[in-house]
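**Student:** start_21.txt is reproduced below (compact mmCIF, C-alpha atoms).
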# COMPACT_ATOMS: atom_id res chain seq x y z
CA MET Q 108 262.47 -133.75 -69.07
CA ASN Q 109 259.44 -131.53 -69.48
CA LYS Q 110 259.85 -128.56 -67.19
CA TYR Q 111 256.12 -128.11 -66.72
CA GLU Q 112 255.70 -131.69 -65.55
CA ILE Q 113 258.52 -131.14 -63.07
CA ILE Q 114 256.96 -127.96 -61.75
CA LYS Q 115 253.60 -129.68 -61.45
CA LYS Q 116 255.15 -132.09 -58.93
CA ILE Q 117 256.29 -129.17 -56.78
CA GLU Q 118 253.02 -127.33 -57.03
CA GLN Q 119 251.09 -130.41 -55.94
CA ILE Q 120 252.57 -129.97 -52.46
CA ALA Q 121 253.24 -126.21 -52.64
CA PRO Q 122 250.52 -124.56 -54.76
CA ILE Q 123 251.36 -121.08 -55.99
CA ASP Q 124 248.04 -119.82 -54.59
CA ASN Q 125 249.34 -120.59 -51.09
CA ALA Q 126 252.15 -118.05 -51.39
CA GLU Q 127 251.87 -114.76 -49.53
CA PRO Q 128 250.37 -111.88 -51.61
CA TRP Q 129 253.67 -109.97 -51.54
CA ASP Q 130 255.72 -112.97 -52.60
CA CYS Q 131 257.17 -113.59 -56.04
CA VAL Q 132 256.91 -117.30 -56.84
CA GLY Q 133 256.80 -119.44 -59.96
CA PHE Q 134 258.97 -118.82 -63.00
CA MET Q 135 261.46 -116.02 -62.49
CA VAL Q 136 262.79 -116.74 -65.99
CA GLU Q 137 260.76 -118.80 -68.44
CA THR Q 138 262.48 -119.60 -71.71
CA ALA Q 139 260.69 -120.75 -74.86
CA LYS Q 140 261.82 -124.37 -74.50
CA SER Q 141 259.65 -126.94 -72.76
CA GLU Q 142 262.29 -129.65 -72.36
CA VAL Q 143 265.25 -129.35 -69.99
CA SER Q 144 268.19 -131.71 -69.70
CA LYS Q 145 269.56 -131.04 -66.22
CA ILE Q 146 268.32 -129.20 -63.12
CA MET Q 147 270.23 -127.45 -60.34
CA LEU Q 148 268.68 -126.93 -56.89
CA CYS Q 149 269.65 -124.04 -54.64
CA LEU Q 150 268.36 -121.75 -51.93
CA THR Q 151 269.33 -118.49 -53.60
CA VAL Q 152 270.21 -117.69 -57.21
CA THR Q 153 273.34 -115.57 -57.55
CA ASP Q 154 275.89 -114.93 -60.27
CA ASP Q 155 277.94 -117.77 -58.83
CA ILE Q 156 274.98 -120.16 -58.94
CA ILE Q 157 274.35 -119.24 -62.58
CA LYS Q 158 278.02 -119.94 -63.30
CA GLN Q 159 277.83 -123.30 -61.52
CA ALA Q 160 274.71 -124.24 -63.45
CA ARG Q 161 276.31 -123.49 -66.80
CA GLN Q 162 279.49 -125.35 -65.90
CA ALA Q 163 277.43 -128.38 -64.84
CA GLY Q 164 275.35 -128.30 -68.03
CA CYS Q 165 272.14 -127.35 -66.22
CA ASP Q 166 269.52 -125.50 -68.23
CA MET Q 167 267.08 -125.05 -65.33
CA ILE Q 168 267.42 -123.83 -61.74
CA ILE Q 169 264.88 -124.41 -59.00
CA SER Q 170 265.40 -122.18 -55.96
CA HIS Q 171 263.67 -121.49 -52.69
CA HIS Q 172 264.27 -117.75 -52.55
CA PRO Q 173 262.66 -115.73 -55.35
CA LEU Q 174 264.17 -112.97 -57.44
CA PHE Q 175 262.77 -109.47 -57.46
CA PHE Q 176 265.23 -108.43 -60.16
CA VAL Q 177 266.57 -110.65 -62.94
CA PRO Q 178 269.75 -109.60 -64.78
CA ASN Q 179 269.53 -109.81 -68.56
CA ALA Q 180 272.53 -112.14 -68.54
CA TRP Q 181 270.41 -114.80 -66.82
CA ALA Q 182 267.64 -114.80 -69.41
CA ASP Q 183 268.82 -117.96 -71.16
CA ILE Q 184 268.18 -120.36 -68.27
CA ASP Q 185 264.84 -121.33 -66.74
CA ILE Q 186 264.57 -120.25 -63.10
CA TYR Q 187 261.68 -121.32 -60.90
CA SER Q 188 261.17 -120.43 -57.23
CA ALA Q 189 258.95 -121.90 -54.52
CA HIS Q 190 259.10 -119.64 -51.48
CA THR Q 191 256.35 -118.99 -48.92
CA ASN Q 192 254.21 -121.64 -50.56
CA LEU Q 193 256.97 -124.15 -49.79
CA ASP Q 194 257.36 -122.77 -46.26
CA LYS Q 195 253.70 -123.52 -45.56
CA ALA Q 196 253.66 -126.89 -47.30
CA THR Q 197 253.47 -130.35 -45.84
CA ASN Q 198 257.07 -131.62 -46.02
CA GLY Q 199 258.15 -128.05 -46.77
CA THR Q 200 260.98 -126.11 -45.15
CA THR Q 201 259.67 -126.05 -41.58
CA GLU Q 202 258.46 -129.64 -41.48
CA THR Q 203 261.75 -130.83 -42.94
CA LEU Q 204 263.61 -128.98 -40.18
CA ILE Q 205 261.50 -130.69 -37.52
CA LYS Q 206 261.91 -134.16 -39.01
CA THR Q 207 265.66 -133.67 -39.36
CA LEU Q 208 265.78 -133.09 -35.61
CA GLY Q 209 263.89 -136.34 -35.09
CA PHE Q 210 260.56 -134.96 -33.87
CA GLU Q 211 256.96 -135.54 -34.89
CA ILE Q 212 254.76 -132.63 -35.93
CA LYS Q 213 251.51 -131.45 -34.40
CA ASN Q 214 250.10 -128.87 -36.79
CA LEU Q 215 247.74 -126.46 -35.04
CA GLY Q 216 246.65 -124.83 -38.29
CA HIS Q 217 248.89 -121.74 -38.30
CA GLU Q 218 250.16 -121.12 -41.82
CA PHE Q 219 253.88 -120.88 -41.07
CA LEU Q 220 254.26 -122.32 -37.58
CA ARG Q 221 254.48 -126.00 -36.79
CA PHE Q 222 254.42 -127.43 -33.26
CA VAL Q 223 255.99 -130.40 -31.54
CA ASP Q 224 254.42 -131.73 -28.33
CA LEU Q 225 256.89 -133.85 -26.41
CA THR Q 226 255.66 -136.92 -24.55
CA GLN Q 227 258.47 -136.27 -22.10
CA GLU Q 228 259.86 -132.81 -21.43
CA ILE Q 229 263.37 -132.03 -22.57
CA THR Q 230 265.84 -129.75 -20.87
CA VAL Q 231 266.88 -126.58 -22.65
CA GLU Q 232 270.45 -127.85 -22.46
CA ASP Q 233 269.64 -131.16 -24.15
CA PHE Q 234 267.52 -129.52 -26.82
CA SER Q 235 270.33 -127.05 -27.46
CA GLN Q 236 272.66 -129.94 -28.18
CA LYS Q 237 270.20 -131.27 -30.79
CA ILE Q 238 270.09 -127.84 -32.42
CA LYS Q 239 273.88 -127.60 -32.52
CA ARG Q 240 274.05 -130.74 -34.68
CA ILE Q 241 272.42 -128.89 -37.57
CA SER Q 242 273.52 -125.37 -36.66
CA PRO Q 243 276.75 -125.14 -34.66
CA LYS Q 244 276.53 -121.33 -34.60
CA ALA Q 245 272.96 -121.18 -33.29
CA ARG Q 246 272.07 -118.50 -30.74
CA LEU Q 247 269.80 -118.95 -27.72
CA VAL Q 248 267.52 -116.45 -25.99
CA ASN Q 249 266.20 -117.50 -22.59
CA ASN Q 250 265.11 -114.35 -20.78
CA LYS Q 251 263.00 -116.25 -18.22
CA ASN Q 252 265.75 -118.78 -17.51
CA LYS Q 253 263.48 -121.67 -18.45
CA LYS Q 254 264.88 -125.11 -17.68
CA THR Q 255 262.63 -127.52 -19.61
CA LEU Q 256 260.52 -127.54 -22.78
CA ASN Q 257 257.26 -129.36 -23.52
CA ARG Q 258 255.85 -127.70 -26.64
CA ILE Q 259 258.22 -126.30 -29.27
CA ALA Q 260 257.25 -124.13 -32.23
CA PHE Q 261 259.21 -124.07 -35.49
CA CYS Q 262 259.39 -121.67 -38.40
CA ALA Q 263 262.21 -122.11 -40.91
CA GLY Q 264 263.71 -118.97 -42.39
CA SER Q 265 262.82 -115.60 -40.92
CA GLY Q 266 260.09 -116.33 -38.38
CA SER Q 267 260.82 -114.20 -35.33
CA GLU Q 268 257.62 -112.23 -35.99
CA PHE Q 269 255.74 -115.31 -34.80
CA ILE Q 270 257.13 -115.35 -31.25
CA LYS Q 271 253.88 -114.00 -29.80
CA ASP Q 272 251.81 -116.44 -31.86
CA ALA Q 273 253.98 -119.31 -30.65
CA LYS Q 274 253.37 -118.22 -27.05
CA ILE Q 275 249.60 -117.90 -27.61
CA PHE Q 276 249.57 -121.49 -28.87
CA GLY Q 277 251.32 -122.61 -25.71
CA ALA Q 278 254.87 -123.05 -26.98
CA ASP Q 279 257.76 -122.90 -24.55
CA ALA Q 280 260.22 -122.18 -27.36
CA LEU Q 281 260.49 -121.15 -31.00
CA VAL Q 282 263.15 -122.35 -33.43
CA THR Q 283 263.71 -119.96 -36.33
CA GLY Q 284 266.27 -117.62 -37.93
CA ASP Q 285 267.08 -113.93 -38.38
CA LEU Q 286 266.36 -112.86 -34.81
CA LYS Q 287 266.81 -109.14 -34.08
CA PHE Q 288 268.09 -107.63 -30.83
CA HIS Q 289 264.93 -105.95 -29.54
CA THR Q 290 262.75 -108.87 -30.60
CA ALA Q 291 265.03 -111.16 -28.59
CA LEU Q 292 265.03 -108.77 -25.63
CA ASP Q 293 261.22 -108.73 -25.48
CA SER Q 294 260.66 -112.48 -25.83
CA ASP Q 295 258.84 -114.28 -23.02
CA ILE Q 296 259.66 -117.70 -24.46
CA VAL Q 297 262.89 -119.43 -25.36
CA VAL Q 298 264.04 -118.61 -28.89
CA TYR Q 299 266.66 -120.37 -30.97
CA ASP Q 300 268.12 -118.43 -33.88
CA ILE Q 301 269.67 -121.22 -35.92
CA GLY Q 302 270.34 -119.09 -39.01
CA HIS Q 303 268.23 -118.48 -42.08
CA PHE Q 304 270.43 -120.59 -44.32
CA GLU Q 305 270.81 -123.48 -41.87
CA SER Q 306 267.06 -123.72 -41.28
CA GLU Q 307 266.16 -123.92 -44.98
CA ILE Q 308 268.98 -125.74 -46.76
CA LEU Q 309 267.59 -129.04 -45.44
CA VAL Q 310 264.63 -128.89 -47.82
CA LEU Q 311 266.66 -129.24 -51.02
CA PRO Q 312 267.00 -133.06 -50.79
CA ILE Q 313 263.23 -133.20 -50.34
CA LEU Q 314 262.79 -131.30 -53.60
CA ARG Q 315 265.21 -133.64 -55.36
CA ASN Q 316 263.29 -136.67 -54.15
CA LEU Q 317 260.12 -135.02 -55.40
CA ILE Q 318 261.23 -134.09 -58.90
CA GLY Q 319 263.74 -136.84 -59.59
CA ASP Q 320 267.32 -136.37 -60.71
CA ALA Q 321 268.91 -132.99 -59.96
CA VAL Q 322 272.21 -131.60 -58.74
CA PHE Q 323 272.79 -129.40 -55.71
CA ALA Q 324 274.49 -126.05 -56.04
CA GLN Q 325 277.52 -125.39 -53.88
CA GLU Q 326 276.38 -122.63 -51.53
CA LYS Q 327 276.85 -121.62 -47.92
CA SER Q 328 275.67 -119.06 -45.43
CA PRO Q 329 277.13 -115.58 -46.03
CA PHE Q 330 277.95 -115.44 -42.33
CA SER Q 331 281.17 -116.87 -40.96
CA GLN Q 332 282.36 -117.22 -37.40
CA ILE Q 333 285.20 -115.10 -36.07
CA ILE Q 334 287.80 -117.41 -34.57
Since I need it in another form, could you write the structure as structure tokens?

**Tutor:**
Amino acid sequence: MNKYEIIKKIEQIAPIDNAEPWDCVGFMVETAKSEVSKIMLCLTVTDDIIKQARQAGCDMIISHHPLFFVPNAWADIDIYSAHTNLDKATNGTTETLIKTLGFEIKNLGHEFLRFVDLTQEITVEDFSQKIKRISPKARLVNNKNKKTLNRIAFCAGSGSEFIKDAKIFGADALVTGDLKFHTALDSDIVVYDIGHFESEILVLPILRNLIGDAVFAQEKSPFSQII
């Protein structure tokens, strides 16, 4: 497989130019070879992911999260990352999250946010049950004790900074990850913190369908629940 042809398929839906200016996307490690034999998909490249890739005979890794530092020991394997450009993309992280929950998207043009307008309102309780199917440890903020939802905003990953934008666009709720205490305390709309990992891991099968044959890394959220 030609690695540049594979990357071209990703960049057709998630162009590098669409990434945020601060973001590090594209090749994190680019070896001299053009042909690769096996690809591993993951959210985040770690020492363990590198080990898994080598054990599986993979000579290329495609990740969602970029690297801002690359250990010398990883220099022999191609590593490519699609981050904020994939978050913004059609069928990217956020849209995949919405479709997994069984909703249709109404895109109001905000780069990261996507909106769902329900033809029939849903109770917060019923929507919470849908969320729990993909994120059993999800947290709910409902400062105004809202009972029903009509318009729901989504931002996979760390999107709590968009709570005010979601409200401006008429959303009753925002589904995202990485919610902080004071941000939650100040929210006028319902907010679901479903976890950074849980909100983004769903996109990996979409990438595999896009590029063809690939294997998934074995990875999980670093957070575990105290029992």

**Student:** Within 7 Å of segment 136-139 of chain Q, which residues of segment 165-263 of chain Q show up? Give each one with its shortest atom-to-atom distance in Å (one decimal) and the two atoms involved, counting only C-alpha atoms, rows by chain then rising residue number, as JSON lines.

**Tutor:**
{"residue": "Q:Ala182", "atom": "CA", "partner": "Q:Val136", "partner_atom": "CA", "distance": 6.2}
{"residue": "Q:Asp183", "atom": "CA", "partner": "Q:Thr138", "partner_atom": "CA", "distance": 6.6}
{"residue": "Q:Ile184", "atom": "CA", "partner": "Q:Thr138", "partner_atom": "CA", "distance": 6.7}
{"residue": "Q:Asp185", "atom": "CA", "partner": "Q:Val136", "partner_atom": "CA", "distance": 5.1}
{"residue": "Q:Ile186", "atom": "CA", "partner": "Q:Val136", "partner_atom": "CA", "distance": 4.9}
{"residue": "Q:Tyr187", "atom": "CA", "partner": "Q:Val136", "partner_atom": "CA", "distance": 6.9}

**Student:** Counting all atoms listed in the file, what are the residues of segment 190-251 of chain Q within 8 Å of segment 115-123 of chain Q, and for each of them which pair of atoms is the nearest and at what distance in Å, to one decimal? Sort the table by chain and rising number, as JSON lines.

**Tutor:**
{"residue": "Q:Asn192", "atom": "CA", "partner": "Q:Ala121", "partner_atom": "CA", "distance": 5.1}
{"residue": "Q:Leu193", "atom": "CA", "partner": "Q:Ala121", "partner_atom": "CA", "distance": 5.1}
{"residue": "Q:Lys195", "atom": "CA", "partner": "Q:Ala121", "partner_atom": "CA", "distance": 7.6}
{"residue": "Q:Ala196", "atom": "CA", "partner": "Q:Ala121", "partner_atom": "CA", "distance": 5.4}
{"residue": "Q:Thr197", "atom": "CA", "partner": "Q:Ile120", "partner_atom": "CA", "distance": 6.7}
{"residue": "Q:Gly199", "atom": "CA", "partner": "Q:Ala121", "partner_atom": "CA", "distance": 7.9}

**Student:** Do a neighbour search on segment 244-259 of chain Q at 8 Å with all atoms listed in the file, toss out local chain neighbours closer than 2 positions, and write the hits as a PDB file with C-alpha atoms, in the frame of the given file.

**Tutor:**
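around-v5.pdb written:
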ATOM      1  CA  PHE Q 222     254.420-127.430 -33.260  1.00  0.00           C
ATOM      2  CA  VAL Q 223     255.990-130.400 -31.540  1.00  0.00           C
ATOM      3  CA  ASP Q 224     254.420-131.730 -28.330  1.00  0.00           C
ATOM      4  CA  LEU Q 225     256.890-133.850 -26.410  1.00  0.00           C
ATOM      5  CA  THR Q 226     255.660-136.920 -24.550  1.00  0.00           C
ATOM      6  CA  GLN Q 227     258.470-136.270 -22.100  1.00  0.00           C
ATOM      7  CA  GLU Q 228     259.860-132.810 -21.430  1.00  0.00           C
ATOM      8  CA  ILE Q 229     263.370-132.030 -22.570  1.00  0.00           C
ATOM      9  CA  THR Q 230     265.840-129.750 -20.870  1.00  0.00           C
ATOM     10  CA  VAL Q 231     266.880-126.580 -22.650  1.00  0.00           C
ATOM     11  CA  GLU Q 232     270.450-127.850 -22.460  1.00  0.00           C
ATOM     12  CA  ILE Q 238     270.090-127.840 -32.420  1.00  0.00           C
ATOM     13  CA  LYS Q 239     273.880-127.600 -32.520  1.00  0.00           C
ATOM     14  CA  SER Q 242     273.520-125.370 -36.660  1.00  0.00           C
ATOM     15  CA  PHE Q 261     259.210-124.070 -35.490  1.00  0.00           C
ATOM     16  CA  GLY Q 277     251.320-122.610 -25.710  1.00  0.00           C
ATOM     17  CA  ALA Q 278     254.870-123.050 -26.980  1.00  0.00           C
ATOM     18  CA  ASP Q 279     257.760-122.900 -24.550  1.00  0.00           C
ATOM     19  CA  ALA Q 280     260.220-122.180 -27.360  1.00  0.00           C
ATOM     20  CA  LEU Q 281     260.490-121.150 -31.000  1.00  0.00           C
ATOM     21  CA  VAL Q 282     263.150-122.350 -33.430  1.00  0.00           C
ATOM     22  CA  ALA Q 291     265.030-111.160 -28.590  1.00  0.00           C
ATOM     23  CA  LEU Q 292     265.030-108.770 -25.630  1.00  0.00           C
ATOM     24  CA  SER Q 294     260.660-112.480 -25.830  1.00  0.00           C
ATOM     25  CA  ASP Q 295     258.840-114.280 -23.020  1.00  0.00           C
ATOM     26  CA  ILE Q 296     259.660-117.700 -24.460  1.00  0.00           C
ATOM     27  CA  VAL Q 297     262.890-119.430 -25.360  1.00  0.00           C
ATOM     28  CA  VAL Q 298     264.040-118.610 -28.890  1.00  0.00           C
ATOM     29  CA  TYR Q 299     266.660-120.370 -30.970  1.00  0.00           C
ATOM     30  CA  ASP Q 300     268.120-118.430 -33.880  1.00  0.00           C
ATOM     31  CA  ILE Q 301     269.670-121.220 -35.920  1.00  0.00           C
ATOM     32  CA  GLY Q 302     270.340-119.090 -39.010  1.00  0.00           C
ATOM     33  CA  GLN Q 332     282.360-117.220 -37.400  1.00  0.00           C
TER      34      GLN Q 332
END

**Student:** Name the residues within 7 Å of (260.6, -120.7, -51.9), counting only C-alpha atoms in the file's coordinates, and put them as a ChimeraX atom specification.

**Tutor:** /Q:170-173,188-194

**Student:** For the residues selected in the previous step, produce a file with C-alpha atoms as a PDB file, in the coordinates of the input.

**Tutor:**
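File result-v8.pdb, as written:
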ATOM      1  CA  SER Q 170     265.400-122.180 -55.960  1.00  0.00           C
ATOM      2  CA  HIS Q 171     263.670-121.490 -52.690  1.00  0.00           C
ATOM      3  CA  HIS Q 172     264.270-117.750 -52.550  1.00  0.00           C
ATOM      4  CA  PRO Q 173     262.660-115.730 -55.350  1.00  0.00           C
ATOM      5  CA  SER Q 188     261.170-120.430 -57.230  1.00  0.00           C
ATOM      6  CA  ALA Q 189     258.950-121.900 -54.520  1.00  0.00           C
ATOM      7  CA  HIS Q 190     259.100-119.640 -51.480  1.00  0.00           C
ATOM      8  CA  THR Q 191     256.350-118.990 -48.920  1.00  0.00           C
ATOM      9  CA  ASN Q 192     254.210-121.640 -50.560  1.00  0.00           C
ATOM     10  CA  LEU Q 193     256.970-124.150 -49.790  1.00  0.00           C
ATOM     11  CA  ASP Q 194     257.360-122.770 -46.260  1.00  0.00           C
TER      12      ASP Q 194
END

**Student:** Give the answer as one residue: which of Q:Ala163, Q:Ala263, Q:Ile169, Q:Ala321 has the shortest atom-to-atom distance to Glu305 of chain Q, using all atoms listed in the file?

**Tutor:**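 Of all the options, Q:Ala263 lies closest to Glu305 of chain Q.
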